[in-house]
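Have a look at the structure below before the remarks.
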Amino acid sequence: MGRSSTPGEGTRPRVRHAGQRGWDDGLYDDGPSAGSDDGHDSGRDGRRNSGGAADRDRPGRGGRRRGQSHRHGRRGKRRILRWIAWILAVVILGGAGAGYLYYQHLNGNLKKADLTLGDKKMTEHKANAAGQTPLNILLIGSDARNSKENQKLGGAKDTFGAAPLADVQMLLHLSADRSNMSVISMPRDTLLKIPNCTDPKTGHVYPATTGLAMTNETLGRGGPGCTVAAWYELTGITIDHFMMIDFSGVVSMADAIGGVPVCVKGNVYSHTRDGKGSGLKLEEGTTKVKGKQALQWLRTRYGFEDGTDLGRTHAQHMYMNSMVRELRKGTKLTDPSKLTGLAEAATTALTVDKGIDTVKKLYDLAGELKKVPTKRITMTTMPNVYGTGVNSGRVLPKPVDAAQLFQMVRDDIPLDGKASKRKAPAAKEPTAPVAEIPVSIRNGTRTDTEYPVEGRASAVKKLLTGEGFTQATVDVQNTDAAARTGVLFPSEDVEGNAQAVAKALGIPLTAVKKSTAVSGITLTVGADWRESGPYPAPSAEEKTPKSARALNGDDETACMDVQPGFGW
């Protein structure tokens, strides 16, 4: 797509603290997505173009013994503040901290909402061998112009009072063993089907879209719970929590932590002759951005890479990684006066689900996230392709690659390529002749952008029958998508029989798994076997697709490419 992800090479210039000279009181609206010609915000324009229808948590007063020093208490509070700051930084649009000084007041600042507004119940997590389960948090950046401050920062007066858009969407996956963290960004102009969503305040039901709609429209269909429902509908990934933040939160939090270092490979000015662009103006090299300039960086499309939302997503990844590194250093987070203001800004700007609706719960969640070293944090973008025709200027999930990325997260496989090699299960002998082993075959070849391949289950049944499995049948009722082909069995007494099915077709034994979701041996033909013929040898089963543009949290050399025509 004409983008380069190669980090900047050679000696990097010294870090500068960016000044405010030259910025307007408000920020420019950053214009439409790739392929659009008007000056409206892409999401709001997309709404017209899409095919869719429209405990008792108390301060720990008794926790400190009389013999402990007041200074020790302050250190403990500061440590809590740093941990809380880390969790909120993960929201990418800002980071903040909160302590016990204004505990109840801060709890009151937090806005709460239902986790999901969809009809479909999310499945329970599968525990690993140690009984641990992963944690998935959807991070949302809202473009709401619902306050004077947000209107000043967001610009675009014609959008004041309109339904908000979810212009930043990132799924944070914390591994079950807490050793690694993976983040998947979905570009705001991604086209998908939005499920039914019910507004919890009014009871109004937003019907599922009949065609494709932009993902950022989900926020206006009852709230962030609809964004959660749409993500689950697309990815099948169970989401445990969400956090949402607005423009003013970005500015306050970036100021409070003392700025975030970012890098560009050349002088850049995000501004066009007709007034589009974020207004970001930086010199080549590394600059610590804060306040409005931090928001400008996060909103910049014109001037980065190919001038699309994909470049902006990449810049957001760099910002998030850099912010986490800054927060890990603990700088600017030990001054109580700064922390108090930061706590106010953070809690006022946040909307969270009811499962993490207190500072104490956020603190506990922060403790889990803090276990992951930055070198095991991986940022990715959902693999995508540009739409054509009526979908021109928008993006769609890339067939196979997007499904593979989602499958890796569902299977708790780290995206940094450092997964422990999964050992194939011990081979077991079948308990019955192959002619007496019943097998149900499902067609799971559907992808996010492609219909299932007609007749694949029947074709594989023919292959299996040729190997002597005459009891094989086709299940026409269950056609859920699967990125990879696999064999499920309900109990250990038939594991050998399930392995025999896999061996007959050349499917690796690592794809044979026990599951309570099936009542008999079930073979699902996945998107990796859409073509006729024998099962293709699995290649890099646990490798993140290159199209996901993985960025490691420890990479301090990452530097944004400047779009031609936007230098100065």
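Quick note on naming: the chains in the structure tokens go A, B, ... in the order shown, residues restart at 1 in each chain, and ligands are numbered from 1 in order of appearance.
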
Give the alpha helix (DSSP H) residues of stretch 266-329 of chain A, as assigned by DSSP on the backbone, as an MDAnalysis selection string. chainID A and resid 291:299 309:329

Taking only residues of stretch 373-479 of chain A that have an atom at most 12 Å from an atom of stretch 130-145 of chain A, what is each one's shortest atom pair and its distance in Å to one decimal, using only C-alpha atoms, in chain and number order, as a tab-separated table?
residue	atom	partner	partner_atom	distance
A:Val409	CA	A:Asn136	CA	9.3
A:Arg410	CA	A:Pro134	CA	9.2
A:Asp411	CA	A:Pro134	CA	9.6
A:Asp412	CA	A:Pro134	CA	7.1
A:Ile413	CA	A:Pro134	CA	10.5
A:Pro414	CA	A:Pro134	CA	11.3

Serialized selection, N, CA, C and O atoms, as an mmCIF file, in the first residue's frame:
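Final output, again17.cif:
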data_model
loop_
_atom_site.group_PDB
_atom_site.id
_atom_site.type_symbol
_atom_site.label_atom_id
_atom_site.label_comp_id
_atom_site.auth_asym_id
_atom_site.auth_seq_id
_atom_site.Cartn_x
_atom_site.Cartn_y
_atom_site.Cartn_z
ATOM 1 N N VAL A 409 -5.275 -14.821 18.776
ATOM 2 C CA VAL A 409 -5.688 -14.199 20.042
ATOM 3 C C VAL A 409 -6.662 -15.112 20.781
ATOM 4 O O VAL A 409 -6.562 -15.294 21.998
ATOM 5 N N ARG A 410 -7.607 -15.690 20.061
ATOM 6 C CA ARG A 410 -8.551 -16.618 20.708
ATOM 7 C C ARG A 410 -7.815 -17.795 21.349
ATOM 8 O O ARG A 410 -8.197 -18.276 22.411
ATOM 9 N N ASP A 411 -6.741 -18.243 20.696
ATOM 10 C CA ASP A 411 -5.969 -19.381 21.198
ATOM 11 C C ASP A 411 -4.883 -18.958 22.179
ATOM 12 O O ASP A 411 -4.086 -19.793 22.610
ATOM 13 N N ASP A 412 -4.826 -17.659 22.495
ATOM 14 C CA ASP A 412 -3.844 -17.139 23.457
ATOM 15 C C ASP A 412 -2.407 -17.377 22.987
ATOM 16 O O ASP A 412 -1.516 -17.676 23.781
ATOM 17 N N ILE A 413 -2.188 -17.210 21.697
ATOM 18 C CA ILE A 413 -0.843 -17.346 21.130
ATOM 19 C C ILE A 413 -0.225 -15.955 21.024
ATOM 20 O O ILE A 413 -0.801 -15.069 20.400
ATOM 21 N N PRO A 414 0.937 -15.697 21.611
ATOM 22 C CA PRO A 414 1.538 -14.363 21.572
ATOM 23 C C PRO A 414 1.878 -13.944 20.144
ATOM 24 O O PRO A 414 2.293 -14.766 19.325
#

Mind checking which residues fall within 7 Å of stretch 494-502 of chain A, counting only C-alpha atoms, ignoring those fewer than 4 positions away in the same chain, and posting them as a PyMOL selection string? chain A and resi 428-431+437+487+489+506-509+512+521

Would you save the residues from that selection as an mmCIF file, in the first residue's frame, using N, CA, C and O atoms?
data_model
loop_
_atom_site.group_PDB
_atom_site.id
_atom_site.type_symbol
_atom_site.label_atom_id
_atom_site.label_comp_id
_atom_site.auth_asym_id
_atom_site.auth_seq_id
_atom_site.Cartn_x
_atom_site.Cartn_y
_atom_site.Cartn_z
ATOM 1 N N LYS A 428 -2.544 -41.901 20.395
ATOM 2 C CA LYS A 428 -3.383 -42.928 21.009
ATOM 3 C C LYS A 428 -4.014 -43.789 19.927
ATOM 4 O O LYS A 428 -4.334 -43.301 18.843
ATOM 5 N N GLU A 429 -4.183 -45.037 20.245
ATOM 6 C CA GLU A 429 -4.784 -45.957 19.293
ATOM 7 C C GLU A 429 -6.303 -45.797 19.288
ATOM 8 O O GLU A 429 -6.911 -45.544 20.333
ATOM 9 N N PRO A 430 -6.923 -45.928 18.120
ATOM 10 C CA PRO A 430 -8.396 -45.853 18.066
ATOM 11 C C PRO A 430 -9.011 -47.037 18.794
ATOM 12 O O PRO A 430 -8.424 -48.123 18.867
ATOM 13 N N THR A 431 -10.201 -46.837 19.322
ATOM 14 C CA THR A 431 -10.893 -47.898 20.068
ATOM 15 C C THR A 431 -11.888 -48.658 19.200
ATOM 16 O O THR A 431 -12.602 -49.541 19.701
ATOM 17 N N ILE A 437 -16.274 -45.469 13.107
ATOM 18 C CA ILE A 437 -16.073 -44.199 13.821
ATOM 19 C C ILE A 437 -16.940 -43.116 13.177
ATOM 20 O O ILE A 437 -16.709 -42.720 12.038
ATOM 21 N N VAL A 487 -10.002 -30.823 14.569
ATOM 22 C CA VAL A 487 -10.858 -31.944 14.949
ATOM 23 C C VAL A 487 -11.120 -31.842 16.451
ATOM 24 O O VAL A 487 -10.182 -31.773 17.255
ATOM 25 N N PHE A 489 -13.150 -33.428 19.940
ATOM 26 C CA PHE A 489 -13.754 -34.640 20.484
ATOM 27 C C PHE A 489 -14.266 -34.328 21.891
ATOM 28 O O PHE A 489 -13.707 -33.503 22.611
ATOM 29 N N GLY A 506 -4.014 -35.945 7.094
ATOM 30 C CA GLY A 506 -2.768 -35.190 7.171
ATOM 31 C C GLY A 506 -2.858 -33.960 8.049
ATOM 32 O O GLY A 506 -2.015 -33.052 7.962
ATOM 33 N N ILE A 507 -3.852 -33.907 8.918
ATOM 34 C CA ILE A 507 -4.017 -32.777 9.836
ATOM 35 C C ILE A 507 -3.133 -33.013 11.059
ATOM 36 O O ILE A 507 -3.147 -34.110 11.622
ATOM 37 N N PRO A 508 -2.347 -32.036 11.495
ATOM 38 C CA PRO A 508 -1.464 -32.251 12.642
ATOM 39 C C PRO A 508 -2.238 -32.554 13.919
ATOM 40 O O PRO A 508 -3.355 -32.057 14.112
ATOM 41 N N LEU A 509 -1.648 -33.345 14.803
ATOM 42 C CA LEU A 509 -2.325 -33.727 16.040
ATOM 43 C C LEU A 509 -2.525 -32.541 16.977
ATOM 44 O O LEU A 509 -3.373 -32.602 17.875
ATOM 45 N N VAL A 512 -6.044 -31.409 17.089
ATOM 46 C CA VAL A 512 -7.036 -32.311 17.672
ATOM 47 C C VAL A 512 -7.198 -31.924 19.143
ATOM 48 O O VAL A 512 -6.247 -32.020 19.926
ATOM 49 N N ILE A 521 -17.200 -36.705 17.592
ATOM 50 C CA ILE A 521 -16.023 -36.262 16.840
ATOM 51 C C ILE A 521 -16.480 -35.331 15.727
ATOM 52 O O ILE A 521 -17.332 -35.691 14.900
#

What does the distance between atom CA of A:Asp493 and atom CA of A:Val439 come to in Å, to one decimal place?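 About the pair atom CA of A:Asp493 and atom CA of A:Val439: they are 14.9 Å apart.
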
Of the residues A:Leu106, A:Leu295, A:Ala558, A:Val324, which is the one nearest to A:Lys360, using only C-alpha atoms? A:Leu106
